[in-house]
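*Asks:* Can you read through this structure? Questions will come right after.
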Amino acid sequence: MPKAATKTPTAALPPAGPTPVSYEAALEELEQLLQRLEASHTPLDQLLASYQRGNELLKFCRQRLDVLEQQVKVLDDGVLKPWSESP
């Protein structure tokens, strides 16, 4: 008898969290998330949701750092020019 494909119950996972207001806020939330994960025995479904949220926060932080790096690259005569995130 073939095994039925198992699906992850998406209803058990909370929706993605709100977009952080700043790099610092994202970093703080990420640090708190890591502390909670390290300090407790978190159920598997919550681990997955926490991992997904951590990925979102990490992606946000990396994007902000990339934008700031590009702004630094366009410094001209000591004046920081606005950087458009689109090419």
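Labels used: A, B, ... for chains in the order of the structure tokens, numbers from 1 for residues in each chain, and numbers from 1 for ligands as shown.
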I'd like the contact shell of segment 51-61 of chain A - 12 Å cut-off, only C-alpha atoms, skipping same-chain residues fewer than 6 positions apart - returned as a PyMOL selection string.
*Replies:* chain A and resi 13-37+42+44-45+67-68
*Asks:* Atoms to include: C-alpha atoms. Write the selected residues as a PDB file, in the first residue's frame.
*Replies:*
```pdb
ATOM      1  CA  LEU A  13       1.632  28.127  11.687  1.00  0.00           C
ATOM      2  CA  PRO A  14       1.078  31.749  12.611  1.00  0.00           C
ATOM      3  CA  PRO A  15       1.053  34.328   9.819  1.00  0.00           C
ATOM      4  CA  ALA A  16       4.254  36.167   9.044  1.00  0.00           C
ATOM      5  CA  GLY A  17       5.032  38.933  11.463  1.00  0.00           C
ATOM      6  CA  PRO A  18       4.864  42.590  10.601  1.00  0.00           C
ATOM      7  CA  THR A  19       7.682  44.234   8.699  1.00  0.00           C
ATOM      8  CA  PRO A  20      10.110  45.731  11.215  1.00  0.00           C
ATOM      9  CA  VAL A  21      10.196  49.527  11.424  1.00  0.00           C
ATOM     10  CA  SER A  22      13.989  49.619  11.404  1.00  0.00           C
ATOM     11  CA  TYR A  23      17.139  47.554  11.224  1.00  0.00           C
ATOM     12  CA  GLU A  24      17.582  47.923  14.961  1.00  0.00           C
ATOM     13  CA  ALA A  25      14.037  46.711  15.662  1.00  0.00           C
ATOM     14  CA  ALA A  26      14.558  43.681  13.412  1.00  0.00           C
ATOM     15  CA  LEU A  27      17.868  42.861  15.062  1.00  0.00           C
ATOM     16  CA  GLU A  28      16.344  43.167  18.542  1.00  0.00           C
ATOM     17  CA  GLU A  29      13.439  40.883  17.613  1.00  0.00           C
ATOM     18  CA  LEU A  30      15.847  38.376  16.102  1.00  0.00           C
ATOM     19  CA  GLU A  31      17.959  38.365  19.281  1.00  0.00           C
ATOM     20  CA  GLN A  32      14.860  37.859  21.448  1.00  0.00           C
ATOM     21  CA  LEU A  33      13.721  35.031  19.187  1.00  0.00           C
ATOM     22  CA  LEU A  34      17.083  33.303  19.526  1.00  0.00           C
ATOM     23  CA  GLN A  35      17.051  33.678  23.313  1.00  0.00           C
ATOM     24  CA  ARG A  36      13.580  32.106  23.530  1.00  0.00           C
ATOM     25  CA  LEU A  37      14.634  29.221  21.297  1.00  0.00           C
ATOM     26  CA  THR A  42       9.738  24.664  21.988  1.00  0.00           C
ATOM     27  CA  LEU A  44       8.084  21.469  16.661  1.00  0.00           C
ATOM     28  CA  ASP A  45       5.395  23.609  14.986  1.00  0.00           C
ATOM     29  CA  VAL A  67      21.009  49.607   0.671  1.00  0.00           C
ATOM     30  CA  LEU A  68      23.248  51.415   3.130  1.00  0.00           C
TER      31      LEU A  68
END
```
*Asks:* Mind giving me the straight-line distance from atom CA of Glu69 of chain A to atom CA of Ser50 of chain A in Å, one decimal?
*Replies:*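 Computing the Euclidean distance for atom CA of Glu69 of chain A and atom CA of Ser50 of chain A yields 28.3 Å.
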